[in-house]
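Engineer: mmCIF, C-alpha atoms, saved as structure28.cif, coming up:
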data_protein
#
loop_
_atom_site.group_PDB
_atom_site.id
_atom_site.type_symbol
_atom_site.label_atom_id
_atom_site.label_comp_id
_atom_site.auth_asym_id
_atom_site.auth_seq_id
_atom_site.Cartn_x
_atom_site.Cartn_y
_atom_site.Cartn_z
ATOM 1 C CA LEU A 27 14.959 1.751 11.432
ATOM 2 C CA HIS A 28 16.937 4.613 12.849
ATOM 3 C CA ALA A 29 20.683 4.210 12.703
ATOM 4 C CA GLN A 30 21.353 6.391 15.748
ATOM 5 C CA LYS A 31 19.047 4.306 17.953
ATOM 6 C CA ALA A 32 20.214 0.912 16.704
ATOM 7 C CA LYS A 33 23.443 0.629 18.623
ATOM 8 C CA MET A 34 24.344 -1.915 21.271
ATOM 9 C CA GLN A 35 27.166 -0.744 23.522
ATOM 10 C CA PRO A 36 26.503 -2.320 26.929
ATOM 11 C CA TRP A 37 29.662 -0.922 28.472
ATOM 12 C CA ASP A 38 28.091 2.551 28.206
ATOM 13 C CA ASN A 39 25.119 1.500 30.341
ATOM 14 C CA CYS A 40 26.349 -1.353 32.572
ATOM 15 C CA ASP A 41 29.146 -1.678 35.107
ATOM 16 C CA ASP A 42 31.127 -3.686 32.557
ATOM 17 C CA GLU A 43 30.669 -6.411 29.924
ATOM 18 C CA TYR A 44 30.464 -9.042 32.694
ATOM 19 C CA ASP A 45 27.341 -7.496 34.298
ATOM 20 C CA GLU A 46 25.089 -10.262 32.957
ATOM 21 C CA GLU A 47 21.791 -9.019 34.405
ATOM 22 C CA CYS A 48 22.289 -5.539 32.984
ATOM 23 C CA VAL A 49 23.539 -6.698 29.573
ATOM 24 C CA ARG A 50 20.731 -9.249 29.216
ATOM 25 C CA GLY A 51 18.214 -6.537 30.099
ATOM 26 C CA LEU A 52 19.623 -4.269 27.374
ATOM 27 C CA MET A 53 19.383 -7.120 24.880
ATOM 28 C CA LYS A 54 15.735 -7.699 25.852
ATOM 29 C CA ASP A 55 15.032 -3.988 25.281
ATOM 30 C CA PHE A 56 16.747 -4.260 21.898
ATOM 31 C CA GLN A 57 14.582 -7.279 21.071
ATOM 32 C CA ARG A 58 11.380 -5.402 21.975
ATOM 33 C CA LYS A 59 12.367 -2.434 19.806
ATOM 34 C CA PHE A 60 13.724 -4.246 16.751
ATOM 35 C CA ASN A 61 12.258 -7.781 16.920
ATOM 36 C CA CYS A 62 15.712 -9.314 17.082
ATOM 37 C CA PRO A 63 17.666 -11.227 18.188
ATOM 38 C CA SER A 64 15.238 -14.139 18.255
ATOM 39 C CA ASP A 65 14.669 -16.115 21.441
ATOM 40 C CA HIS A 66 16.495 -19.035 19.812
ATOM 41 C CA SER A 67 19.617 -17.086 18.848
ATOM 42 C CA HIS A 68 22.904 -18.420 20.213
ATOM 43 C CA ILE A 69 23.811 -14.871 21.177
ATOM 44 C CA TRP A 70 21.894 -15.347 24.460
ATOM 45 C CA GLU A 71 24.502 -17.944 25.495
ATOM 46 C CA LYS A 72 27.549 -16.811 27.433
ATOM 47 C CA VAL A 73 30.968 -17.275 25.843
ATOM 48 C CA ASP A 74 34.528 -16.725 26.953
ATOM 49 C CA CYS A 75 35.477 -13.054 27.074
ATOM 50 C CA TRP A 76 39.122 -12.523 27.940
ATOM 51 C CA GLY A 77 39.088 -15.355 30.479
ATOM 52 C CA LYS A 78 35.623 -14.730 31.956
ATOM 53 C CA PRO A 79 32.111 -15.650 30.682
ATOM 54 C CA CYS A 80 29.972 -12.870 29.216
ATOM 55 C CA LEU A 81 27.221 -12.132 26.692
ATOM 56 C CA ARG A 82 28.673 -10.739 23.447
ATOM 57 C CA ALA A 83 25.909 -8.182 22.932
ATOM 58 C CA ASP A 84 28.270 -6.084 20.812
ATOM 59 C CA LYS A 85 27.889 -8.661 18.025
ATOM 60 C CA LEU A 86 24.389 -7.259 17.419
ATOM 61 C CA THR A 87 25.710 -4.056 15.900
ATOM 62 C CA ASP A 88 29.451 -4.431 15.295
ATOM 63 C CA THR A 89 30.150 -5.557 11.725
ATOM 64 C CA TYR A 90 33.626 -6.682 12.787
ATOM 65 C CA PHE A 91 32.087 -9.976 13.932
ATOM 66 C CA GLY A 92 30.383 -10.685 10.604
ATOM 67 C CA LEU A 93 26.787 -10.513 9.403
ATOM 68 C CA GLU A 94 24.935 -13.345 11.102
ATOM 69 C CA ASP A 95 24.184 -11.655 14.433
ATOM 70 C CA LEU A 96 23.686 -8.092 13.165
ATOM 71 C CA CYS A 97 20.445 -6.538 14.363
ATOM 72 C CA PRO A 98 18.312 -4.777 13.278
ATOM 73 C CA ASN A 99 18.572 -5.410 9.547
ATOM 74 C CA TRP A 100 15.118 -4.539 8.205
ATOM 75 C CA GLY A 101 12.681 -1.649 8.391
ATOM 76 C CA TYR A 102 8.984 -1.930 7.517
ATOM 77 C CA ALA A 103 6.606 0.305 5.581
ATOM 78 C CA TYR A 104 3.187 -0.588 6.966
ATOM 79 C CA VAL A 105 0.095 -0.385 4.775
ATOM 80 C CA VAL A 106 -3.088 0.516 6.629
ATOM 81 C CA LYS A 107 -6.710 1.219 5.778
ATOM 82 C CA ALA A 108 -8.120 3.354 8.542
ATOM 83 C CA GLU A 109 -9.900 6.550 9.487
ATOM 84 C CA GLY A 110 -7.629 9.560 9.355
ATOM 85 C CA VAL A 111 -6.982 13.123 8.284
ATOM 86 C CA HIS A 112 -5.207 14.906 5.448
ATOM 87 C CA VAL A 113 -2.477 17.280 6.544
ATOM 88 C CA ARG A 114 -0.112 19.599 4.769
ATOM 89 C CA VAL A 115 3.587 18.827 5.248
ATOM 90 C CA ARG A 116 6.219 21.547 5.493
ATOM 91 C CA ALA A 117 9.465 20.948 3.639
ATOM 92 C CA ARG A 118 11.479 20.953 6.852
ATOM 93 C CA ASP A 119 9.347 18.080 8.211
ATOM 94 C CA ALA A 120 9.512 15.941 5.081
ATOM 95 C CA TYR A 121 12.783 14.135 5.946
ATOM 96 C CA GLY A 122 14.176 14.633 2.470
ATOM 97 C CA LYS A 123 11.105 13.390 0.600
ATOM 98 C CA ASP A 124 9.768 15.728 -2.055
ATOM 99 C CA TYR A 125 6.076 16.306 -1.420
ATOM 100 C CA SER A 126 5.784 19.059 -4.036
ATOM 101 C CA ALA A 127 3.596 16.848 -6.242
ATOM 102 C CA GLU A 128 1.214 16.228 -3.345
ATOM 103 C CA GLU A 129 -0.870 18.930 -1.743
ATOM 104 C CA GLU A 130 -1.519 16.862 1.341
ATOM 105 C CA VAL A 131 -0.471 13.662 3.058
ATOM 106 C CA TYR A 132 -2.927 11.245 4.642
ATOM 107 C CA VAL A 133 -2.288 10.395 8.290
ATOM 108 C CA PRO A 134 -4.288 7.535 9.850
ATOM 109 C CA MET A 135 -5.449 8.038 13.416
ATOM 110 C CA GLY A 136 -5.643 5.281 16.017
ATOM 111 C CA VAL A 137 -4.991 2.315 13.743
ATOM 112 C CA GLU A 138 -6.463 -1.002 14.920
ATOM 113 C CA PRO A 139 -4.628 -4.324 14.319
ATOM 114 C CA ASP A 140 -7.255 -5.517 11.830
ATOM 115 C CA GLU A 141 -6.803 -2.330 9.761
ATOM 116 C CA VAL A 142 -3.199 -3.188 8.854
ATOM 117 C CA LEU A 143 -3.035 -4.937 5.475
ATOM 118 C CA GLY A 144 0.592 -5.849 5.983
ATOM 119 C CA ALA A 145 4.066 -4.427 5.485
ATOM 120 C CA ILE A 146 6.792 -3.954 2.905
ATOM 121 C CA PRO A 147 10.182 -4.963 4.373
ATOM 122 C CA ILE A 148 13.101 -2.731 3.381
ATOM 123 C CA TYR A 149 16.665 -3.823 4.070
ATOM 124 C CA GLY A 150 18.560 -1.213 6.042
ATOM 125 C CA ARG A 151 22.253 -2.122 5.739
ATOM 126 C CA LYS A 152 24.710 -0.831 3.169
ATOM 127 C CA ALA A 153 26.427 -3.639 1.280
ATOM 128 C CA TYR A 154 28.807 -1.055 -0.194
ATOM 129 C CA ASP A 155 29.966 0.122 3.246
ATOM 130 C CA LYS A 156 30.604 -3.024 5.313
ATOM 131 C CA TYR A 157 26.889 -3.392 6.091
ATOM 132 C CA LEU A 158 26.630 -0.379 8.368
ATOM 133 C CA MET A 159 23.154 1.006 9.020
ATOM 134 C CA LYS A 160 21.444 3.447 6.677
ATOM 135 C CA ASN A 161 18.315 5.483 7.410
ATOM 136 C CA PRO A 162 15.994 3.984 4.791
ATOM 137 C CA GLY A 163 13.622 6.340 3.058
ATOM 138 C CA LEU A 164 14.121 9.289 5.410
ATOM 139 C CA THR A 165 16.840 11.184 3.560
ATOM 140 C CA ASN A 166 17.556 11.561 -0.151
ATOM 141 C CA PHE A 167 14.330 9.746 -0.928
ATOM 142 C CA GLU A 168 14.688 9.797 -4.708
ATOM 143 C CA GLN A 169 18.231 8.398 -4.588
ATOM 144 C CA ASN A 170 17.345 5.832 -1.953
ATOM 145 C CA TRP A 171 14.494 4.462 -4.036
ATOM 146 C CA ASN A 172 15.624 4.725 -7.671
ATOM 147 C CA GLY A 173 19.191 6.024 -7.672
ATOM 148 C CA PRO A 174 22.528 4.231 -8.005
ATOM 149 C CA TYR A 175 22.672 3.733 -4.239
ATOM 150 C CA GLY A 176 18.978 2.936 -3.976
ATOM 151 C CA TRP A 177 17.099 -0.173 -2.991
ATOM 152 C CA LYS A 178 17.266 -1.631 -6.518
ATOM 153 C CA GLY A 179 20.859 -0.628 -7.320
ATOM 154 C CA GLY A 180 22.507 -3.722 -5.859
ATOM 155 C CA LYS A 181 24.491 -1.762 -3.288
ATOM 156 C CA MET A 182 21.832 -2.442 -0.630
ATOM 157 C CA ALA A 183 21.944 -6.160 -1.433
ATOM 158 C CA VAL A 184 20.438 -8.518 1.132
ATOM 159 C CA PRO A 185 22.800 -11.294 2.254
ATOM 160 C CA ALA A 186 21.398 -14.820 2.463
ATOM 161 C CA VAL A 187 21.997 -14.971 6.210
ATOM 162 C CA HIS A 188 19.334 -12.285 6.786
ATOM 163 C CA THR A 189 16.488 -13.919 4.823
ATOM 164 C CA LYS A 190 14.014 -16.577 5.895
ATOM 165 C CA ASP A 191 14.734 -18.926 2.984
ATOM 166 C CA GLY A 192 18.503 -18.435 3.140
ATOM 167 C CA LYS A 193 18.678 -16.857 -0.312
ATOM 168 C CA GLY A 194 20.260 -13.475 -0.963
ATOM 169 C CA SER A 195 18.748 -10.715 -3.087
ATOM 170 C CA ASP A 196 20.031 -7.695 -4.996
ATOM 171 C CA ASN A 197 16.726 -5.937 -4.351
ATOM 172 C CA ALA A 198 16.574 -4.487 -0.842
ATOM 173 C CA ILE A 199 12.806 -4.080 -1.091
ATOM 174 C CA GLY A 200 11.362 -7.379 0.071
ATOM 175 C CA ALA A 201 8.145 -9.255 -0.631
ATOM 176 C CA PHE A 202 4.915 -7.876 0.821
ATOM 177 C CA ILE A 203 4.037 -9.563 4.121
ATOM 178 C CA TYR A 204 0.272 -9.915 4.545
ATOM 179 C CA ASN A 205 -1.443 -9.527 7.906
ATOM 180 C CA PRO A 206 -3.539 -12.689 8.456
ATOM 181 C CA ASN A 207 -5.798 -10.756 10.845
ATOM 182 C CA TYR A 208 -6.771 -8.017 8.375
ATOM 183 C CA LYS A 209 -10.555 -7.570 8.252
ATOM 184 C CA GLY A 210 -10.790 -7.316 4.453
ATOM 185 C CA ASP A 211 -9.319 -9.021 1.385
ATOM 186 C CA ALA A 212 -5.725 -7.834 1.680
ATOM 187 C CA HIS A 213 -4.504 -9.632 -1.448
ATOM 188 C CA ALA A 214 -7.139 -8.067 -3.697
ATOM 189 C CA GLU A 215 -6.818 -4.608 -2.168
ATOM 190 C CA MET A 216 -3.022 -4.627 -2.396
ATOM 191 C CA ALA A 217 -3.126 -5.753 -6.029
ATOM 192 C CA THR A 218 -5.335 -2.752 -6.802
ATOM 193 C CA GLU A 219 -3.200 -0.341 -4.795
ATOM 194 C CA LEU A 220 0.118 -1.532 -6.248
ATOM 195 C CA ALA A 221 -1.265 -1.225 -9.759
ATOM 196 C CA LYS A 222 -2.519 2.285 -9.005
ATOM 197 C CA LYS A 223 0.852 3.359 -7.592
ATOM 198 C CA ARG A 224 2.725 1.485 -10.358
ATOM 199 C CA ILE A 225 5.183 -0.003 -7.895
ATOM 200 C CA ALA A 226 4.308 -3.694 -8.071
ATOM 201 C CA ALA A 227 7.505 -4.361 -10.032
ATOM 202 C CA ASP A 228 9.550 -2.652 -7.300
ATOM 203 C CA LEU A 229 8.809 -5.355 -4.750
ATOM 204 C CA GLY A 230 11.364 -8.116 -4.387
ATOM 205 C CA THR A 231 11.176 -11.657 -3.074
ATOM 206 C CA ALA A 232 13.201 -11.526 0.143
ATOM 207 C CA ILE A 233 11.458 -12.094 3.471
ATOM 208 C CA PRO A 234 13.244 -11.111 6.704
ATOM 209 C CA ARG A 235 14.698 -13.964 8.745
ATOM 210 C CA GLU A 236 12.761 -12.812 11.821
ATOM 211 C CA ALA A 237 9.414 -12.482 10.022
ATOM 212 C CA PRO A 238 6.598 -14.739 11.335
#
How would this structure read if it were set down as structure tokens?
Structural biologist:
Amino acid sequence: LHAQKAKMQPWDNCDDEYDEECVRGLMKDFQRKFNCPSDHSHIWEKVDCWGKPCLRADKLTDTYFGLEDLCPNWGYAYVVKAEGVHVRVRARDAYGKDYSAEEEVYVPMGVEPDEVLGAIPIYGRKAYDKYLMKNPGLTNFEQNWNGPYGWKGGKMAVPAVHTKDGKGSDNAIGAFIYNPNYKGDAHAEMATELAKKRIAADLGTAIPREAP
């Protein structure tokens, strides 16, 4: 997720809020980028807007209208097993993460769909700040992960309306989502990897509402 790119303000790009073709096109672009809103969302239906019908696309990003239609809400850390290279990372390119304990970072090249084991969903809205967007994992990495405003601190709590089972969670790190098309034994390999990294206990139970 990137907070600066996750904004829906159709009046900046269309003639006005009543330009249905333009607004619907922007919403489709939003859907392609962020996998929401779903095709079945009521937000695709026109409603009354100051005496004329329109699509309330602003509900996707404006917290004034509540939580249900907010989009996007989750980011994903994908786990892959693929050919690649090891590269050194300069501090200015590390986006706040401290790589001092690592000489190099592994970068996969040309990942195929069957090389993706799955993904870790990470909730990207701040419960302590009216559910505005936060750049997960890119800045202040240590605080975001383990600190008082981190994913396990309760302040990035996931509301029930944004989970598949309708249950909220205080842990903004969700349950691992396995790729059914992975060419190996994803469950066994992930168990080994999580044990090696000692982060198995960090994973929560929430699954994004839009997840397959």
Engineer: Would you translate the PyMOL selection byres ((chain A and resi 63-66) around 9) into the concrete set of residues it matches in this file, as a list in words?
Structural biologist: Met53, Lys54, Phe56, Gln57, Phe60, Asn61, Cys62, Ser67, His68, Ile69, Trp70, Leu86, Asp95, Leu96, Cys97, Pro98 and Glu236 of chain A
Engineer: Within 10 Å of A:Pro185, counting all atoms listed in the file, which residues qualify if same-chain residues fewer than 4 places away don't, as a CSV table (one decimal) with C-alpha atoms, in the frame of the given file?
Structural biologist:
chain,number,residue,atom,x,y,z
A,93,LEU,CA,26.8,-10.5,9.4
A,94,GLU,CA,24.9,-13.3,11.1
A,149,TYR,CA,16.7,-3.8,4.1
A,151,ARG,CA,22.3,-2.1,5.7
A,153,ALA,CA,26.4,-3.6,1.3
A,157,TYR,CA,26.9,-3.4,6.1
A,189,THR,CA,16.5,-13.9,4.8
A,192,GLY,CA,18.5,-18.4,3.1
A,193,LYS,CA,18.7,-16.9,-0.3
A,194,GLY,CA,20.3,-13.5,-1.0
A,195,SER,CA,18.7,-10.7,-3.1
A,196,ASP,CA,20.0,-7.7,-5.0
A,198,ALA,CA,16.6,-4.5,-0.8
A,232,ALA,CA,13.2,-11.5,0.1
Engineer: Here is a test: counting all atoms listed in the file, which residue of A:Trp100, A:Ile199, A:Lys209, A:Tyr204 is nearest to A:Met159?
Structural biologist: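 Among A:Trp100, A:Ile199, A:Lys209, A:Tyr204, it is A:Trp100 that comes nearest to A:Met159.
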Engineer: Find the residues around A:Ala201 up to 7 Å (all atoms listed in the file counted), leave out those fewer than 2 positions away in its own chain, and share them as a count of residues only.
Structural biologist: 9
Engineer: Please enumerate the residues selected by the PyMOL selection byres ((chain A and resi 208) around 10) when evaluated against the supplied file, formatted as a PyMOL selection string.
Structural biologist: chain A and resi 106-107+138-144+204-207+209-212
